[in-house]
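Have a look at the structure below, then the notes.
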Amino acid sequence: MKKLIIGNWKMALGYEESLRLAENLVLSQPYKPLSAEVAVCPSFVALPSVANILEGTAIFWGAQDATQFEPGPVTGGTSLESLVELDCRYVILGHSERRQLFGETDELVRDKLRATLERTNLIPVVCVGETLAEREAGRAEETVLGQLKAILTSIVMPADHRVVLAYEPIWAIGTGKTSTPEQAEAMHSFIRQFLGTLGFNGVRILYGGSVKPENAGKLLSRPNIDGLLVGGASLSASSFWSIVFA
Ligand code: 13P
């Protein structure tokens with residue numbers, strides 16, 4: 001299966017900056033066959049205009065979050081249905097920044113995942129990962145397993161197994177400290193084994209956390225790393241394309 005590389009622009013860029021980055025990505029795409037699937041997730045504000053720029057190109061787009069609620073009286077919410085209208089392909093759910101800054105819990109992430117699968121054809125990208133304290137205490141696997149169980153065990157997986165998981169160790173996000181390819185591979189293989197117990201065999205597992213052009217190739221060469229979720233290094237067209245072609 002093709003590797004999947006997603007750029008998560010977070011809240012780093014304003015509206016105009018987002019449009020400029022989307023245009024740069026299109027203009028600077030190397031003239032080489034693209035063996036990976038590529039997508040970017042801009043802010044909600046920029047999403048419709050970025051979608052217009054990327055339409056007809058090789059780059060897909062998605063959202064960084066959505067509410068589980070149906071369209072209606074939900075002030076400040078963004079519905080899954082509106083993301084479908086914008087032809088989003090992906091929606092990131094349960095990013096650690098949503099968990100840490102907005103108090104999102106595994107149960108909320110599960111509800112969002114269920115709503116996504118029941119009401120849309122969007123591909124959910126569900127994030128899990130441990131803190132530094134949990135890793136240092138030897139509880140990284142236990143933490144991730146707890147998150148996976150809480151989020152996935154009551155989920156009915158669609159026949160296409162389109163759910164994507166992203167392993168993003170919190171200590172590696174925006175810190176410059178990357179998980180080594182061995183550490184990441186070990187966790188991905190652990191996650192894969194657990195998914196197998198649920199019969200979720202086609203689920204792709206991405207790695208995220210200080211991915212750069214310099215480390216992307218080694219990470220992508222591991223058998224259980226199906227792709228990358230890239231934050232900071234996706235904010236420049238040249239570094240993002242270097243990662244895609246790493
Ligand atoms: P960085 O690549 O900036 O560490 O962010 C990773 C991330 O959180 C992607 O979702």
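We name chains A, B, ... following the order of the structure tokens; residues begin at 1 in each chain, and ligands are numbered from 1 as shown.
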Counting only C-alpha atoms and all ligand atoms, what residues are within 6 Å of ligand 1, given as an MDAnalysis selection string? chainID A and resid 8 172:174 208:211 229:233
Would you save the residues of that selection, restricted to N, CA and C atoms, as a tab-separated table (two decimals), in the first residue's frame?
chain	number	residue	atom	x	y	z
A	8	ASN	N	0.10	18.64	8.99
A	8	ASN	CA	-0.84	19.25	9.93
A	8	ASN	C	-0.35	20.67	10.20
A	172	ALA	N	7.74	14.10	21.67
A	172	ALA	CA	8.44	14.32	20.39
A	172	ALA	C	7.76	15.40	19.56
A	173	ILE	N	6.62	15.93	20.02
A	173	ILE	CA	5.88	16.89	19.20
A	173	ILE	C	6.43	18.30	19.39
A	174	GLY	N	6.95	18.87	18.33
A	174	GLY	CA	7.44	20.25	18.35
A	174	GLY	C	8.67	20.44	19.23
A	208	GLY	N	4.10	10.48	14.02
A	208	GLY	CA	4.23	11.95	14.07
A	208	GLY	C	5.04	12.38	15.27
A	209	GLY	N	5.81	13.46	15.10
A	209	GLY	CA	6.63	14.00	16.20
A	209	GLY	C	8.00	14.35	15.69
A	210	SER	N	8.20	15.66	15.39
A	210	SER	CA	9.49	16.17	14.92
A	210	SER	C	10.01	15.43	13.69
A	211	VAL	N	9.10	15.11	12.78
A	211	VAL	CA	9.55	14.54	11.50
A	211	VAL	C	10.17	15.66	10.66
A	229	LEU	N	2.76	11.95	9.98
A	229	LEU	CA	1.92	13.13	10.25
A	229	LEU	C	2.90	14.22	10.67
A	230	VAL	N	3.01	15.23	9.84
A	230	VAL	CA	4.10	16.20	9.96
A	230	VAL	C	3.56	17.56	10.40
A	231	GLY	N	4.13	18.12	11.46
A	231	GLY	CA	3.71	19.44	11.92
A	231	GLY	C	4.61	20.53	11.34
A	232	GLY	N	5.57	21.00	12.14
A	232	GLY	CA	6.42	22.13	11.77
A	232	GLY	C	7.03	22.03	10.39
A	233	ALA	N	7.52	20.85	10.03
A	233	ALA	CA	8.22	20.71	8.75
A	233	ALA	C	7.26	20.69	7.55
Range 58-63 of chain A surroundings by only C-alpha atoms, 7 Å radius, close-in-sequence under 5 positions cut, as an NGL selection string: :A and (38-42 or 44 or 51 or 88-92)
Name the residues in contact with Glu141 in chain A at a cut-off of 12 Å, using only C-alpha atoms, excluding same-chain residues fewer than 5 positions from it; report them as a PyMOL selection string. chain A and resi 128-131+134-136+146-149+167+169+183-184+186-191+193-194
Write to file, as a compact mmCIF listing (two decimals), in the first residue's frame, the residues of the selection just made, with N, CA, C and O atoms.
# COMPACT_ATOMS: atom_id res chain seq x y z
N VAL A 128 -2.88 8.93 18.99
CA VAL A 128 -2.59 8.40 20.33
C VAL A 128 -1.10 8.64 20.61
O VAL A 128 -0.32 8.88 19.70
N GLY A 129 -0.73 8.56 21.88
CA GLY A 129 0.69 8.74 22.21
C GLY A 129 0.88 9.03 23.69
O GLY A 129 -0.03 9.54 24.34
N GLU A 130 2.07 8.70 24.18
CA GLU A 130 2.35 8.84 25.60
C GLU A 130 3.14 10.11 25.92
O GLU A 130 3.79 10.66 25.03
N THR A 131 3.11 10.53 27.18
CA THR A 131 3.92 11.66 27.63
C THR A 131 5.34 11.17 27.93
O THR A 131 5.58 9.95 28.02
N GLU A 134 5.36 9.18 31.14
CA GLU A 134 4.86 7.80 30.95
C GLU A 134 5.92 6.92 30.29
O GLU A 134 6.12 5.77 30.67
N ARG A 135 6.64 7.49 29.32
CA ARG A 135 7.70 6.69 28.67
C ARG A 135 8.81 6.37 29.68
O ARG A 135 9.28 5.24 29.76
N GLU A 136 9.21 7.40 30.43
CA GLU A 136 10.32 7.18 31.37
C GLU A 136 9.95 6.21 32.48
O GLU A 136 10.82 5.55 33.05
N GLY A 146 -4.21 1.66 26.48
CA GLY A 146 -5.40 2.18 27.17
C GLY A 146 -6.19 3.11 26.25
O GLY A 146 -7.42 3.03 26.17
N GLN A 147 -5.48 3.97 25.53
CA GLN A 147 -6.15 4.90 24.61
C GLN A 147 -6.84 4.12 23.49
O GLN A 147 -8.00 4.39 23.15
N LEU A 148 -6.13 3.16 22.93
CA LEU A 148 -6.70 2.39 21.81
C LEU A 148 -7.94 1.62 22.24
O LEU A 148 -8.95 1.60 21.53
N LYS A 149 -7.86 1.01 23.42
CA LYS A 149 -9.02 0.24 23.90
C LYS A 149 -10.21 1.16 24.10
O LYS A 149 -11.33 0.84 23.69
N TYR A 167 0.49 7.46 15.62
CA TYR A 167 1.22 7.38 16.88
C TYR A 167 2.08 8.63 16.98
O TYR A 167 3.02 8.83 16.19
N PRO A 169 4.11 10.39 19.91
CA PRO A 169 4.57 10.52 21.29
C PRO A 169 4.63 12.01 21.67
O PRO A 169 5.24 12.80 20.94
N GLN A 183 12.38 2.84 18.04
CA GLN A 183 11.33 3.05 19.05
C GLN A 183 9.96 3.14 18.38
O GLN A 183 8.99 2.55 18.84
N ALA A 184 9.91 3.91 17.29
CA ALA A 184 8.63 4.09 16.60
C ALA A 184 8.15 2.77 16.03
O ALA A 184 6.98 2.39 16.19
N ALA A 186 8.82 -0.21 17.04
CA ALA A 186 8.38 -1.11 18.11
C ALA A 186 6.96 -0.76 18.54
O ALA A 186 6.11 -1.65 18.71
N MET A 187 6.67 0.53 18.67
CA MET A 187 5.32 0.91 19.09
C MET A 187 4.31 0.61 17.98
O MET A 187 3.20 0.14 18.25
N HIS A 188 4.70 0.86 16.74
CA HIS A 188 3.77 0.59 15.63
C HIS A 188 3.45 -0.91 15.55
O HIS A 188 2.30 -1.29 15.30
N SER A 189 4.47 -1.72 15.78
CA SER A 189 4.24 -3.15 15.71
C SER A 189 3.32 -3.59 16.87
O SER A 189 2.43 -4.43 16.70
N PHE A 190 3.52 -2.97 18.03
CA PHE A 190 2.65 -3.24 19.19
C PHE A 190 1.19 -2.84 18.87
O PHE A 190 0.25 -3.59 19.12
N ILE A 191 1.03 -1.65 18.27
CA ILE A 191 -0.32 -1.17 17.91
C ILE A 191 -0.94 -2.12 16.88
O ILE A 191 -2.11 -2.49 16.97
N GLN A 193 -0.38 -5.25 16.42
CA GLN A 193 -0.80 -6.50 17.07
C GLN A 193 -2.15 -6.33 17.75
O GLN A 193 -3.03 -7.17 17.64
N PHE A 194 -2.31 -5.19 18.46
CA PHE A 194 -3.59 -4.96 19.13
C PHE A 194 -4.72 -4.83 18.11
O PHE A 194 -5.80 -5.39 18.28
DSSP on the backbone: what in range 125-192 of chain A comes out strand (DSSP E), as a VMD selection string? chain A and resid 125 to 128 164 to 167
If DSSP is run on the backbone, what residues of range 21-110 of chain A are alpha helix (DSSP H)? A reply as a PyMOL selection string would be ideal. chain A and resi 21-27+47-54+80-85+96-102+106-110
Excluding same-chain residues fewer than 2 positions from Val50 in chain A, what lies within 9 Å of it counting only C-alpha atoms, as number ranges by chain? A: 18-19, 21-23, 42, 46-48, 52-55, 61
List the neighbours of Phe69 in chain A out to 8 Å using only C-alpha atoms; skip same-chain residues closer than 2 positions along the sequence, and give me the result as a list in words. Thr67, Pro71, Gly72, Val74, Ser79 and Ala115 of chain A
For Ala66 in chain A, work out the shell of residues within 8 Å, counting only C-alpha atoms and skipping chain neighbours fewer than 6 positions away, then give it as an MDAnalysis selection string. chainID A and resid 77:80 91 93 112
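Proximity to Arg119 in chain A was assessed for A:Lys212, A:Gly227, A:Glu142, A:Val84 counting only C-alpha atoms; the smallest distance is recorded for A:Val84.
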When you look at Pro213 in chain A with a cut-off of 9 Å (counting only C-alpha atoms), what residues show up, excluding the ones that are within fewer than 3 positions of it in the same chain? I need them as an mmCIF file with N, CA, C and O atoms, in the first residue's frame.
data_model
loop_
_atom_site.group_PDB
_atom_site.id
_atom_site.type_symbol
_atom_site.label_atom_id
_atom_site.label_comp_id
_atom_site.auth_asym_id
_atom_site.auth_seq_id
_atom_site.Cartn_x
_atom_site.Cartn_y
_atom_site.Cartn_z
ATOM 1 N N ALA A 216 12.944 11.460 7.854
ATOM 2 C CA ALA A 216 11.743 10.869 7.259
ATOM 3 C C ALA A 216 12.033 9.534 6.564
ATOM 4 O O ALA A 216 11.281 8.559 6.714
ATOM 5 N N GLY A 217 13.141 9.477 5.814
ATOM 6 C CA GLY A 217 13.440 8.274 5.039
ATOM 7 C C GLY A 217 13.609 7.053 5.931
ATOM 8 O O GLY A 217 13.061 5.978 5.644
ATOM 9 N N ALA A 233 7.517 20.854 10.032
ATOM 10 C CA ALA A 233 8.221 20.715 8.748
ATOM 11 C C ALA A 233 7.262 20.691 7.553
ATOM 12 O O ALA A 233 7.709 20.624 6.405
ATOM 13 N N SER A 239 10.452 21.782 2.444
ATOM 14 C CA SER A 239 10.730 20.700 3.398
ATOM 15 C C SER A 239 9.633 19.635 3.327
ATOM 16 O O SER A 239 9.910 18.443 3.471
ATOM 17 N N PHE A 240 8.399 20.053 3.071
ATOM 18 C CA PHE A 240 7.327 19.043 2.970
ATOM 19 C C PHE A 240 7.580 18.107 1.785
ATOM 20 O O PHE A 240 7.499 16.883 1.912
ATOM 21 N N TRP A 241 7.934 18.674 0.625
ATOM 22 C CA TRP A 241 8.196 17.810 -0.535
ATOM 23 C C TRP A 241 9.436 16.936 -0.297
ATOM 24 O O TRP A 241 9.495 15.792 -0.756
ATOM 25 N N SER A 242 10.438 17.474 0.439
ATOM 26 C CA SER A 242 11.607 16.639 0.733
ATOM 27 C C SER A 242 11.208 15.435 1.584
ATOM 28 O O SER A 242 11.762 14.344 1.429
ATOM 29 N N ILE A 243 10.254 15.634 2.478
ATOM 30 C CA ILE A 243 9.786 14.515 3.307
ATOM 31 C C ILE A 243 9.024 13.510 2.435
ATOM 32 O O ILE A 243 9.224 12.301 2.526
ATOM 33 N N VAL A 244 8.157 14.052 1.574
ATOM 34 C CA VAL A 244 7.365 13.149 0.707
ATOM 35 C C VAL A 244 8.279 12.299 -0.170
ATOM 36 O O VAL A 244 8.020 11.119 -0.386
ATOM 37 N N PHE A 245 9.378 12.888 -0.642
ATOM 38 C CA PHE A 245 10.285 12.151 -1.540
ATOM 39 C C PHE A 245 11.496 11.596 -0.807
ATOM 40 O O PHE A 245 12.479 11.224 -1.439
ATOM 41 N N ALA A 246 11.414 11.521 0.541
ATOM 42 C CA ALA A 246 12.576 11.034 1.311
ATOM 43 C C ALA A 246 12.845 9.567 1.020
ATOM 44 O O ALA A 246 11.938 8.824 0.746
#
Which residue is closest to Tyr207 in chain A? Choose from A:His161, A:Arg222, A:Arg110, A:Lys10 and count only C-alpha atoms. A:Arg222
For the atom pair CA of Glu17 in chain A and CA of Ser43 in chain A, what is the interatomic distance in Å to one decimal place? 11.0 Å
